[in-house]
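Q: For reference, the file final-v4.txt (compact mmCIF, C-alpha atoms) is included below:
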```
# COMPACT_ATOMS: atom_id res chain seq x y z
CA MET U 23 -66.13 -26.82 20.24
CA LYS U 24 -65.30 -23.87 18.24
CA ARG U 25 -62.38 -23.98 15.77
CA ARG U 26 -60.25 -20.95 14.92
CA SER U 27 -59.36 -20.68 11.28
CA ALA U 28 -57.68 -17.24 11.18
CA PHE U 29 -54.95 -15.26 12.96
CA THR U 30 -55.86 -12.38 15.18
CA LEU U 31 -54.42 -8.93 14.66
CA VAL U 32 -52.27 -9.25 17.80
CA GLU U 33 -50.73 -12.53 16.56
CA THR U 34 -49.95 -10.96 13.18
CA MET U 35 -48.35 -7.92 14.82
CA ILE U 36 -46.17 -10.09 17.07
CA ALA U 37 -45.06 -12.19 14.09
CA ALA U 38 -44.22 -9.01 12.13
CA VAL U 39 -42.14 -7.62 15.02
CA ILE U 40 -40.22 -10.89 15.45
CA PHE U 41 -39.62 -11.09 11.69
CA SER U 42 -38.36 -7.47 11.59
CA PHE U 43 -35.89 -8.20 14.42
CA ILE U 44 -34.56 -11.21 12.52
CA ILE U 45 -34.21 -9.20 9.30
CA ALA U 46 -32.52 -6.27 11.13
CA GLY U 47 -30.02 -8.64 12.79
CA THR U 48 -29.26 -10.37 9.50
CA TYR U 49 -28.79 -7.03 7.72
CA GLY U 50 -26.53 -5.72 10.51
CA ALA U 51 -24.36 -8.85 10.38
CA PHE U 52 -24.16 -8.57 6.59
CA MET U 53 -23.12 -4.90 6.74
CA VAL U 54 -20.40 -5.57 9.35
CA GLY U 55 -19.09 -8.45 7.24
CA ASN U 56 -19.17 -6.34 4.09
CA ARG U 57 -17.23 -3.48 5.74
CA ALA U 58 -14.65 -5.94 7.08
CA TRP U 59 -14.25 -7.50 3.63
CA ILE U 60 -13.78 -4.08 1.97
CA TYR U 61 -11.19 -3.06 4.59
CA TYR U 62 -9.31 -6.36 4.22
CA ASN U 63 -9.45 -6.16 0.41
CA GLU U 64 -8.09 -2.59 0.38
CA HIS U 65 -5.39 -3.49 2.91
CA THR U 66 -4.29 -6.48 0.81
CA ALA U 67 -4.24 -4.45 -2.43
CA LEU U 68 -2.21 -1.68 -0.78
CA LYS U 69 0.23 -4.19 0.71
CA GLN U 70 0.67 -5.93 -2.67
CA GLU U 71 1.38 -2.68 -4.50
CA THR U 72 3.82 -1.51 -1.82
CA ARG U 73 5.57 -4.89 -1.79
CA ARG U 74 5.79 -4.91 -5.61
CA GLY U 75 7.55 -1.51 -5.53
CA MET U 76 9.85 -2.67 -2.70
CA ILE U 77 10.86 -5.87 -4.51
CA PHE U 78 11.54 -4.00 -7.74
CA MET U 79 13.77 -1.47 -5.95
CA MET U 80 15.57 -4.23 -4.04
CA ASN U 81 16.36 -6.17 -7.22
CA GLU U 82 17.73 -3.09 -8.96
CA LEU U 83 19.75 -1.86 -5.98
CA ARG U 84 21.46 -5.24 -5.53
CA GLU U 85 23.20 -4.71 -8.86
CA ALA U 86 23.70 -0.95 -8.45
CA LYS U 87 27.00 0.90 -8.48
CA ASN U 88 27.84 4.51 -7.56
CA ILE U 89 24.75 5.09 -5.46
CA LEU U 90 23.87 8.68 -4.65
CA ILE U 91 20.98 9.50 -2.30
CA VAL U 92 19.66 13.07 -2.50
CA LYS U 93 17.21 14.23 0.19
CA GLU U 94 15.34 17.47 -0.30
CA GLU U 95 12.38 18.89 1.58
CA GLY U 96 9.48 16.51 0.88
CA ARG U 97 11.39 14.74 -1.88
CA LEU U 98 13.84 11.88 -2.20
CA ARG U 99 15.93 10.74 -5.14
CA ILE U 100 18.37 7.86 -5.40
CA ASN U 101 20.63 7.74 -8.45
CA PHE U 102 22.79 4.78 -9.40
CA TYR U 103 24.45 3.03 -12.28
CA ARG U 104 23.27 -0.45 -13.20
CA PRO U 105 25.54 -2.48 -15.50
CA GLY U 106 23.85 -3.31 -18.78
CA VAL U 107 21.13 -0.71 -18.21
CA GLY U 108 22.88 2.58 -17.49
CA ASN U 109 21.96 5.40 -15.12
CA VAL U 110 18.74 4.84 -13.20
CA SER U 111 16.89 6.97 -10.62
CA PHE U 112 14.10 6.30 -8.16
CA LEU U 113 12.10 9.42 -7.30
CA TRP U 114 9.53 10.05 -4.57
CA ALA U 115 7.74 13.27 -3.67
CA GLY U 116 5.38 14.01 -0.81
CA ASP U 117 3.70 16.83 -2.74
CA GLY U 118 3.21 18.11 -6.27
CA ASP U 119 1.81 16.44 -9.36
CA GLN U 120 3.67 13.15 -8.71
CA ALA U 121 2.89 13.08 -4.97
CA GLY U 122 2.83 9.70 -3.30
CA ARG U 123 4.39 7.81 -6.21
CA ILE U 124 7.69 6.04 -6.55
CA LEU U 125 8.97 6.62 -10.08
CA ARG U 126 11.75 4.79 -11.87
CA VAL U 127 13.51 6.98 -14.42
CA GLU U 128 15.92 5.53 -16.97
CA GLN U 129 17.11 7.89 -19.71
CA ASP U 130 13.80 9.19 -21.13
CA LYS U 131 11.56 6.38 -19.80
CA THR U 132 9.51 6.87 -16.62
CA ARG U 133 7.63 4.08 -14.89
CA ILE U 134 5.42 4.19 -11.77
CA LEU U 135 6.52 1.50 -9.30
CA ALA U 136 4.02 2.21 -6.51
CA LYS U 137 1.26 4.67 -5.60
CA GLN U 138 -0.15 5.99 -2.33
CA ILE U 139 3.31 6.07 -0.70
CA THR U 140 3.27 8.48 2.24
CA ALA U 141 6.91 8.06 3.30
CA LEU U 142 10.08 6.64 1.78
CA SER U 143 13.55 6.61 3.28
CA PHE U 144 16.93 5.06 2.63
CA LYS U 145 19.56 4.51 5.28
CA GLN U 146 23.14 3.94 4.16
CA PHE U 147 25.45 1.25 5.47
CA PRO U 148 28.90 0.36 4.09
CA ASP U 149 27.63 -2.79 2.38
CA ALA U 150 23.84 -2.35 2.40
CA ILE U 151 20.92 0.04 2.13
CA LEU U 152 17.84 -0.06 4.36
CA ILE U 153 14.63 0.79 2.51
CA ASP U 154 11.65 1.92 4.59
CA ILE U 155 8.30 2.46 2.83
CA LYS U 156 5.00 3.53 4.34
CA SER U 157 1.81 3.66 2.32
CA THR U 158 -1.64 4.80 3.38
CA LYS U 159 -5.06 4.80 1.78
CA VAL U 160 -7.70 7.10 3.24
CA PHE U 161 -11.35 6.16 2.82
CA PRO U 162 -13.93 8.85 2.07
CA GLY U 163 -16.27 9.72 4.91
CA GLY U 164 -13.66 9.77 7.67
CA LYS U 165 -13.33 6.01 8.07
CA GLU U 166 -10.15 4.58 9.53
CA PRO U 167 -7.30 4.67 6.95
CA VAL U 168 -5.43 1.55 5.85
CA SER U 169 -1.65 1.70 6.41
CA VAL U 170 1.22 -0.58 5.42
CA ARG U 171 4.88 -0.26 6.40
CA LEU U 172 7.60 -2.39 4.85
CA ARG U 173 11.32 -2.41 5.64
CA ALA U 174 14.07 -4.32 3.89
CA LYS U 175 17.85 -4.32 4.07
CA VAL U 176 19.42 -4.76 0.65
CA ALA U 177 22.91 -6.23 0.54
CA LEU U 178 24.98 -4.47 -2.09
CA ARG U 179 27.37 -6.34 -4.31
CA ALA U 180 31.10 -6.05 -3.68
CA LYS U 181 32.89 -2.90 -4.86
CA THR U 182 29.69 -0.84 -4.91
CA GLY U 183 30.28 2.76 -4.04
CA ILE U 184 27.93 4.75 -1.86
CA MET U 185 28.29 8.45 -2.46
CA LYS U 186 26.93 11.16 -0.20
CA ALA U 187 25.08 14.13 -1.58
CA PRO U 188 26.94 17.43 -1.39
CA GLY U 189 25.97 19.92 1.26
```
Could I get this structure in the form of structure tokens?
A:
Amino acid sequence: MKRRSAFTLVETMIAAVIFSFIIAGTYGAFMVGNRAWIYYNEHTALKQETRRGMIFMMNELREAKNILIVKEEGRLRINFYRPGVGNVSFLWAGDGDQAGRILRVEQDKTRILAKQITALSFKQFPDAILIDIKSTKVFPGGKEPVSVRLRAKVALRAKTGIMKAPG
């Protein structure tokens, strides 16, 4: 009887092909998982920032008086008086140097509440304001963008005036 003590070239080639299929499958699964994690992470971060801006605006508008909403082409401004603070404004612009940001302006202080906001609207009711925010983050390379839309109806305190913009 003759004993074999080495692998043939064909056996080595078959083992290499099987091993490369296993590695390719593992790498593909890892890449799909990594892309899904990045997408989920970006979606969560965008949602948190949008929600943080929404909650801040809701808290301020609950205590607001003399609310004035001014809509211009590609821009939105809401002015109001807040007891103990004074006159406050929220500004949003779809273009320009502050595009996609919600700014809070109080006297000479400006604060960014949220970034990557693609749309902001306010709808007036006699005792409430509906806030609608849409934010979008576009990935480089033409990948599918991440979008978040939040809506909230803010109940205004009694005796709060809602003023309409002239014209």
Q: Could you check how far CA of Gly116 in chain U sits from CA of Lys165 in chain U, in Å to one decimal?
A: 22.2 Å
Q: For a test of reading the model, state the distance in Å between CA of Ala115 in chain U and CA of Leu98 in chain U, rounded to one decimal.
A: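 It comes out at 6.4 Å.
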Q: Using CA of Tyr49 in chain U and CA of Thr66 in chain U as the two end points, give the distance in Å to one decimal.
A: 25.5 Å
Q: Please determine an axis-aligned box that encloses all atoms of range 83-97 of chain U listed in the file, with 6 Å added on each side, and express its centre and edge lengths in Å to one decimal as AutoDock Vina command-line options.
A:
```
--center_x 18.7 --center_y 6.8 --center_z -3.6 --size_x 30.4 --size_y 36.1 --size_z 22.4
```
Q: I'd like the neighbourhood of Ile139 in chain U as a PyMOL selection string, where a residue qualifies if any of its atoms comes within 9 Å (using all atoms listed in the file), though same-chain residues fewer than 4 positions away should be ignored.
A: chain U and resi 72+114-116+121-124+155-159
Q: Given all atoms listed in the file as the basis, pick out the residue of U:Arg84, U:Arg73, U:Arg97, U:Arg179 nearest to Asp154 in chain U.
A: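 Using all atoms listed in the file, the shortest distance to Asp154 in chain U belongs to U:Arg73.
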Q: Pick the closest to Met79 in chain U from U:Val110, U:Phe29, U:Thr34, U:Thr140: which is it, counting all atoms listed in the file?
A: U:Val110
Q: Identify which of the residues U:Tyr62, U:Phe52, U:Tyr103, U:Phe112 lies closest to Leu125 in chain U, counting only C-alpha atoms when measuring atom-to-atom distances.
A: U:Phe112
